[in-house]
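Since the structure comes first, as structure tokens, the remarks are kept for the end.
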Amino acid sequence: MIEILRNRRSIRKYTNQPVEKEKTEILKEAVLRSPSSKNINPWEFIFLTNPGTIQKLKDCKPHGTTPLATAPLAVVICADETKNDVWIEDCSIASILLQLTAQTLELGSCWIQIRNRQHSETISSEKYIQKLLDIPENFRVLSIVTIGYPANKRSGKPFAELQFEKIRTNRF
């Protein structure tokens with residue numbers, strides 16, 4: 001596991017090679033195995049492979065959507081907020097497990113934050129995505145994770161750059 005973490009980097013540009021069905025099925029299994037508070041599983045996952053729809057997602061907010069320009073796969077992570085008050089945590093765990101699983105499959109990924117972001121002055125990014133993908137009103141959208149084959153090889157962060165000053169022992 002530590003090697004996966006050592007090598008993982010956010011990928012913002014992908015090749016045009018599609019993600020194989022077998023790998024997509026493993027990614028689906030990974031998110032469904034994600035832990036959830038009280039095993040309520042409020043999350044839902046929308047796996048998008050249609051290039052036109054993925055391109056429309058780019059318009060969900062003015063900045064930070066560059067990875068959608070080339071991603072062959074995008075996963076919208078949302079949850080029924082009426083099922084669990086910790087849906088944000090549950091969806092966050094699922095998002096990172098999706099990214100780590102992608103890394104084990106030699107795929108790149110990038111988290112795109114949606115919750116608390118704006119499409120425009122009057123429409124949130126969540127509302128834009130809800131309308132685009134017919135997501136019910138009681139569902140909240142936390143993130144989009146893009147997945148694909150990296151266009152460029154990125155090395156993991158060097159050990160010397162880790163912020164060990166942020167580690168405390170026994171008290172702050």
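Starting from 1 in every chain, residues are counted up; chains themselves are A, B, ... following the order of the structure tokens, and ligands are numbered from 1 as listed.
Within the 10 Å cut-off around Arg154 of chain A, using only C-alpha atoms and omitting residues fewer than 3 positions from it on the same chain, the listed residues are Asn7, Arg8, Arg9, Ser10, Ile11, Gly108, Pro150, Ala151 and Lys157 of chain A.
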Non-local contacts of Asn50 of chain A (10 Å; only C-alpha atoms; under 3 positions in same chain excluded) as an MDAnalysis selection string = chainID A and resid 47 53:55 72:74
Helix (DSSP H, G or I) call set, DSSP backbone run, segment 60-136 of chain A, as a VMD selection string | chain A and resid 60 66 to 69 87 to 104 125 to 133
Using only C-alpha atoms, which residue out of A:Lys58, A:Arg12, A:Arg33, A:Arg6 lies closest to Trp111 of chain A?
-> A:Arg12
Residue contacts of Ser124 of chain A (12 Å, only C-alpha atoms) excluding same-chain residues fewer than 2 positions away, as a PyMOL selection string = chain A and resi 59-62+114-122+126-131+140-142
Save the residues we just selected, N, CA and C atoms, as a short mmCIF file (atom, residue, chain, number, x, y, z; two decimals), in the first residue's frame?
```cif
data_model
loop_
_atom_site.label_atom_id
_atom_site.label_comp_id
_atom_site.auth_asym_id
_atom_site.auth_seq_id
_atom_site.Cartn_x
_atom_site.Cartn_y
_atom_site.Cartn_z
N ASP A 59 -18.17 22.10 -17.86
CA ASP A 59 -18.80 23.39 -17.62
C ASP A 59 -19.40 23.52 -16.22
N CYS A 60 -19.20 22.53 -15.35
CA CYS A 60 -19.82 22.56 -14.03
C CYS A 60 -19.26 23.67 -13.14
N LYS A 61 -18.06 24.14 -13.45
CA LYS A 61 -17.48 25.25 -12.70
C LYS A 61 -16.41 25.91 -13.56
N PRO A 62 -16.09 27.17 -13.27
CA PRO A 62 -15.17 27.90 -14.16
C PRO A 62 -13.72 27.42 -14.13
N ILE A 114 -16.64 19.28 -6.16
CA ILE A 114 -17.92 19.83 -6.64
C ILE A 114 -18.69 20.51 -5.51
N ARG A 115 -18.78 19.85 -4.36
CA ARG A 115 -19.54 20.42 -3.23
C ARG A 115 -19.00 21.80 -2.87
N ASN A 116 -19.90 22.72 -2.68
CA ASN A 116 -19.58 24.11 -2.33
C ASN A 116 -18.86 24.88 -3.44
N ARG A 117 -19.00 24.45 -4.68
CA ARG A 117 -18.45 25.17 -5.82
C ARG A 117 -19.61 25.72 -6.66
N GLN A 118 -19.31 26.71 -7.46
CA GLN A 118 -20.34 27.39 -8.25
C GLN A 118 -20.12 27.20 -9.75
N HIS A 119 -21.20 26.91 -10.45
CA HIS A 119 -21.21 26.89 -11.92
C HIS A 119 -21.25 28.34 -12.41
N SER A 120 -22.11 29.13 -11.76
CA SER A 120 -22.27 30.55 -12.09
C SER A 120 -22.68 31.27 -10.80
N GLU A 121 -22.98 32.55 -10.91
CA GLU A 121 -23.39 33.30 -9.73
C GLU A 121 -24.69 32.78 -9.13
N THR A 122 -25.52 32.18 -9.96
CA THR A 122 -26.85 31.75 -9.49
C THR A 122 -27.05 30.24 -9.42
N GLU A 126 -23.19 21.61 -8.13
CA GLU A 126 -24.05 20.46 -7.85
C GLU A 126 -25.33 20.50 -8.67
N LYS A 127 -25.99 21.65 -8.67
CA LYS A 127 -27.26 21.78 -9.40
C LYS A 127 -27.05 21.58 -10.89
N TYR A 128 -25.95 22.10 -11.41
CA TYR A 128 -25.65 21.92 -12.83
C TYR A 128 -25.52 20.43 -13.15
N ILE A 129 -24.79 19.69 -12.31
CA ILE A 129 -24.58 18.25 -12.55
C ILE A 129 -25.87 17.48 -12.32
N GLN A 130 -26.62 17.85 -11.30
CA GLN A 130 -27.91 17.18 -11.06
C GLN A 130 -28.80 17.27 -12.30
N LYS A 131 -28.86 18.44 -12.88
CA LYS A 131 -29.71 18.63 -14.07
C LYS A 131 -29.15 17.84 -15.26
N ARG A 140 -26.75 14.75 -3.09
CA ARG A 140 -25.72 15.77 -3.14
C ARG A 140 -24.53 15.22 -3.90
N VAL A 141 -23.86 16.07 -4.65
CA VAL A 141 -22.68 15.66 -5.43
C VAL A 141 -21.44 16.17 -4.70
N LEU A 142 -20.59 15.25 -4.33
CA LEU A 142 -19.35 15.62 -3.64
C LEU A 142 -18.22 15.90 -4.62
#
```
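Using only C-alpha atoms for every distance, the candidate list A:Asn41, A:Thr65, A:Thr82, A:Thr49 yields A:Thr82 as the residue closest to Glu137 of chain A.
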Spatial neighbours of segment 37-39 of chain A, 12 Å, only C-alpha atoms, chain gap at least 4 places, as a PyMOL selection string | chain A and resi 32-33+43+83-94
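For the pair atom CA of Leu48 of chain A and atom CA of Gln103 of chain A, the interatomic distance is 18.6 Å.
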Please provide the set of residues having any atom within 9 Å of Gln17 of chain A, restricted to only C-alpha atoms, with same-chain residues fewer than 3 positions apart removed, written as number ranges by chain.
-> A: 14, 20, 72, 148-149
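Closest approach to Cys78 of chain A among A:Ser155, A:Ser95, A:Thr101, A:Thr15: A:Ser95, based on only C-alpha atoms.
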Could you tell me how far atom CA of Phe45 of chain A lies from atom CA of Glu25 of chain A, in Å and to one decimal?
-> 12.6 Å
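For the residues A:Ser34, A:Ser125, A:Gln163, A:Asn152, ranking by smallest atom-to-atom distance to His63 of chain A using only C-alpha atoms places A:Ser125 first.
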DSSP says strand (DSSP E or B) for which residues of segment 55-170 of chain A? Put them as an MDAnalysis selection string?
-> chainID A and resid 73:80 108:113 118 124 139:148 150
Hey, what's within 8 Å of Ile46 of chain A if we count only C-alpha atoms and toss same-chain stuff fewer than 5 positions away? As JSON, numbers by chain, please?
-> {"A": [75, 76, 77]}
Do you have the atom CA of Ala71 of chain A-atom CA of Leu107 of chain A distance handy?
-> 11.0 Å
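The residue that comes closest to Thr104 of chain A, out of A:Lys28, A:Lys153, A:Lys23, A:Lys13 and on the basis of only C-alpha atoms, is A:Lys23.
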